[in-house]
Every structure is written in structure tokens, then in C-alpha cells.
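Only one structure is covered here, and it is reproduced in the block below.
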Amino acid sequence: MESSPESRARVAEAEPFGPLAAEYDDWFDGAGKLIFATEVKAFQEILAFLPKPWLEVGVGSGRFAQALGIGSGIDPSAKLLDMASRRGINVRLGRGEQQIFSAASFGTVFLIVTLCFLNTVPSVLREVYRILTADGRIVVGLVLKESPWGEFYRNKKKQGHRFYKYANFYRYDEVVTFLEQSGFSIEKVISTLFQKPGEVKKLELPRDGFFPAAGFVVIMAGKKASERTLVNLR
């Protein structure tokens, strides 16, 4: 479903990250280079299990989409989408709760460092459920509240950091509840980034399962359906 020019304009005006687009994107080549590579490696553990086509909600400048081979993305920032488009991503201006796509349009939907910036988590997850195929997957990558990195970013939020003042961090059990109440069942969890903030010196290998000390967690979930056999990931 196409959004009108008026609604697209309202989305763009409401987007707080537009003026910081260049600074945000530069982080991936600078201070965040090793962190980004470590997070990408965690996602690579599950890519082979994910049905296509793929969409990233909150695609930003397309860094993760390009690295992981995600073909499409939506984001409320026109400036960030311009960067993503130049990286070869098929982009649409919009927010995750908007009905931009037809039902059952995608095999996998990614939300990578997006959940903490959503105003309405349940409504976005319900929309993701709608646009996924019956055997589709949702993949969430995020920093959890109980981790050292969660504490680090929450302190930045308290200090009015230009990015993190907009963020709301969640515990692992809260994210699981969000997903389950939206009709999803957890199938796989990957944890990484055990090096503490300011101490990241090397690329890390991901670990299976949830670890509270992990700075970054990847959660894969499928639609709850008794007639569907869950993929065997062992």
C-alpha cells in the first residue's frame, strides 16, 4: 500500500535522526568498526535458515542490510534512506507500524537496533506478523537493558546523548513477551559482544543462547502455528 505525499512528508518531519545521518553512518567505519563486524558475525549464524525475500525495518543507512544481503528496507529518515539506496538497497520511506506492504510479502523481517527506538513496539510487531509468510521469521538484534552495554547506553540517555536520548532499552524477558504476545515463538538466540564498553579490541565469535553479560543479542522467532514443523537448528 503506497503512502500519500502528505503522509510521507509528515514521516520525514517527525524523524529526529535526519540531521545526524552523516555522523551516524561514519560510526561504522570509525569507532564502531569492530563492534559492527562482531554483530554481523552473529547474524551470519542464522542466515541459512531464513526464508526470502528479506526486509529490514529501520534500515537506516543500509550498513547491516548491505553486509547481510537484505534486499529491501524501510525507515522514516529520507537522508538515511538515500545512503541505503546508494548501497543497493530497495528502500521505502515509512515506519514499521504503517501498512506499506501487502500481507505475506516477506519471508524474513529484520529489526536491527530498531526495537529501542520504536514508539509503539506491539503495533510494529503486529505489522511484521501480517507481512510475513506463514513460515516466515522475524529476526531482532538489540542491546538488552541488563547487559553492561545496556547500562552504558542508558547512562548516555540520561546525559541527553544526541542519539540515545530517544532510546528505550528492554530486558530479555520483556522482548520475549513482546514477541509472544504478537504471535511469535522463539526459535534461536545468539549472544555476542562480551567485551565491555570502551574495551573492544578484537572480533568476537558468537555463542548460542542468551547471556546477560552479552552486549548484543540476536533473537530469531517464527509464527506460532501448531501445523508448522519448526526448523531443526541443532
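Every chain in the C-alpha cells has a letter given in the order shown (A, B, ...), and although residue numbers restart at 1 in each chain, ligands are simply numbered from 1 in the order shown.
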Residues within 10 Å of Lys196 of chain A, please, as a PDB file with C-alpha atoms, in the first residue's frame. Count only C-alpha atoms; anything in the same chain fewer than 2 positions from it doesn't count.
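out-v5.pdb written:
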ATOM      1  CA  SER A 147      23.835  -6.016  29.895  1.00  0.00           C
ATOM      2  CA  PRO A 148      26.883  -3.802  30.572  1.00  0.00           C
ATOM      3  CA  TRP A 149      26.258  -2.186  27.192  1.00  0.00           C
ATOM      4  CA  PHE A 152      26.357   2.185  29.224  1.00  0.00           C
ATOM      5  CA  LEU A 193      29.939  -8.636  22.342  1.00  0.00           C
ATOM      6  CA  PHE A 194      31.157  -9.813  25.746  1.00  0.00           C
ATOM      7  CA  GLY A 198      35.496   1.027  25.715  1.00  0.00           C
ATOM      8  CA  GLU A 199      37.373  -2.292  25.742  1.00  0.00           C
ATOM      9  CA  VAL A 200      36.535  -3.771  22.333  1.00  0.00           C
ATOM     10  CA  LYS A 201      39.890  -4.823  20.881  1.00  0.00           C
ATOM     11  CA  ALA A 213      26.681 -10.285  30.011  1.00  0.00           C
ATOM     12  CA  ALA A 214      26.379 -10.124  26.210  1.00  0.00           C
ATOM     13  CA  GLY A 215      26.316  -6.643  24.745  1.00  0.00           C
TER      14      GLY A 215
END
Show me a table, sorted first by chain and then by increasing residue number, of the residues of segment 11-95 of chain A having an atom at most 10 Å from segment 115-135 of chain A, each with its shortest atom pair and the distance in Å to one decimal, counting only C-alpha atoms and written as JSON lines.
{"residue": "A:Leu50", "atom": "CA", "partner": "A:Asp135", "partner_atom": "CA", "distance": 9.5}
{"residue": "A:Pro51", "atom": "CA", "partner": "A:Asp135", "partner_atom": "CA", "distance": 7.9}
{"residue": "A:Lys52", "atom": "CA", "partner": "A:Thr133", "partner_atom": "CA", "distance": 9.6}
{"residue": "A:Pro53", "atom": "CA", "partner": "A:Leu132", "partner_atom": "CA", "distance": 9.7}
{"residue": "A:Trp54", "atom": "CA", "partner": "A:Leu132", "partner_atom": "CA", "distance": 9.7}
{"residue": "A:Leu55", "atom": "CA", "partner": "A:Leu132", "partner_atom": "CA", "distance": 9.8}
{"residue": "A:Val57", "atom": "CA", "partner": "A:Val128", "partner_atom": "CA", "distance": 8.8}
{"residue": "A:Gly58", "atom": "CA", "partner": "A:Leu115", "partner_atom": "CA", "distance": 8.9}
{"residue": "A:Arg95", "atom": "CA", "partner": "A:Val124", "partner_atom": "CA", "distance": 8.3}
Those residues you just picked out, can you put them in a file as a PDB file, in the first residue's frame with N, CA and C atoms?
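Okay, this is what ended up in out.pdb:
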ATOM      1  N   LEU A  50      16.876 -18.644   7.058  1.00  0.00           N
ATOM      2  CA  LEU A  50      15.873 -17.593   6.897  1.00  0.00           C
ATOM      3  C   LEU A  50      15.283 -17.569   5.484  1.00  0.00           C
ATOM      4  N   PRO A  51      13.968 -17.764   5.370  1.00  0.00           N
ATOM      5  CA  PRO A  51      13.328 -17.722   4.049  1.00  0.00           C
ATOM      6  C   PRO A  51      13.347 -16.310   3.458  1.00  0.00           C
ATOM      7  N   LYS A  52      13.422 -16.233   2.147  1.00  0.00           N
ATOM      8  CA  LYS A  52      13.413 -14.946   1.456  1.00  0.00           C
ATOM      9  C   LYS A  52      12.044 -14.703   0.820  1.00  0.00           C
ATOM     10  N   PRO A  53      11.776 -13.464   0.422  1.00  0.00           N
ATOM     11  CA  PRO A  53      12.619 -12.263   0.450  1.00  0.00           C
ATOM     12  C   PRO A  53      12.761 -11.669   1.855  1.00  0.00           C
ATOM     13  N   TRP A  54      13.800 -10.810   2.009  1.00  0.00           N
ATOM     14  CA  TRP A  54      14.129 -10.216   3.297  1.00  0.00           C
ATOM     15  C   TRP A  54      13.848  -8.717   3.293  1.00  0.00           C
ATOM     16  N   LEU A  55      13.386  -8.230   4.438  1.00  0.00           N
ATOM     17  CA  LEU A  55      13.131  -6.809   4.653  1.00  0.00           C
ATOM     18  C   LEU A  55      13.738  -6.397   5.981  1.00  0.00           C
ATOM     19  N   VAL A  57      13.289  -3.476   8.807  1.00  0.00           N
ATOM     20  CA  VAL A  57      12.525  -2.344   9.330  1.00  0.00           C
ATOM     21  C   VAL A  57      13.478  -1.495  10.158  1.00  0.00           C
ATOM     22  N   GLY A  58      13.607  -0.216   9.794  1.00  0.00           N
ATOM     23  CA  GLY A  58      14.608   0.640  10.421  1.00  0.00           C
ATOM     24  C   GLY A  58      15.962   0.411   9.780  1.00  0.00           C
ATOM     25  N   ARG A  95       7.342   4.051   8.483  1.00  0.00           N
ATOM     26  CA  ARG A  95       7.559   3.491   9.808  1.00  0.00           C
ATOM     27  C   ARG A  95       7.033   2.063   9.869  1.00  0.00           C
TER      28      ARG A  95
END
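Distance check against Asp208 of chain A using only C-alpha atoms: of A:Ile186, A:Ala42, A:Ala48, A:Val175, the minimum falls on A:Ala42.
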Quiz item: Using only C-alpha atoms, which of the listed residues (A:Ala221, A:Gln66, A:Gly107, A:Glu146) sits closest to Thr177 of chain A?
Solution: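 Closest to Thr177 of chain A of all the choices is A:Ala221.
Among the candidates A:Val91, A:Ile112, A:Ala78, A:Ile46, the residue lying nearest to Val189 of chain A is A:Ile46 (atoms considered: only C-alpha atoms).
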Exercise. Write out as a list in words all residues of segment 21-97 of chain A that backbone DSSP assigns to strand (DSSP E or B).
Key: Trp54, Leu55, Glu56, Val57, Ser72, Gly73, Ile74, Asp75, Asn90, Val91, Arg92 and Leu93 of chain A
Would you write out those residues with C-alpha atoms, as a CSV table (one decimal), in the first residue's frame?
chain,number,residue,atom,x,y,z
A,54,TRP,CA,14.1,-10.2,3.3
A,55,LEU,CA,13.1,-6.8,4.7
A,56,GLU,CA,14.8,-4.6,7.3
A,57,VAL,CA,12.5,-2.3,9.3
A,72,SER,CA,14.7,-4.2,1.0
A,73,GLY,CA,14.3,-1.7,3.8
A,74,ILE,CA,12.1,1.0,5.3
A,75,ASP,CA,13.0,3.9,7.5
A,90,ASN,CA,15.4,-1.2,-2.4
A,91,VAL,CA,14.1,1.4,0.1
A,92,ARG,CA,10.7,2.8,1.1
A,93,LEU,CA,10.1,5.8,3.4
Exercise. Compile the contact shell of Tyr172 of chain A as a list of chain:residue names: residues with an atom at most 10 Å away, counting only C-alpha atoms, same-chain residues fewer than 3 positions apart removed.
Key: A:Leu142, A:Val143, A:Leu144, A:Lys145, A:Glu146, A:Ser147, A:Phe169, A:Val175, A:Val176, A:Thr177, A:Phe178, A:Phe210, A:Phe211, A:Pro212, A:Val217, A:Ile219
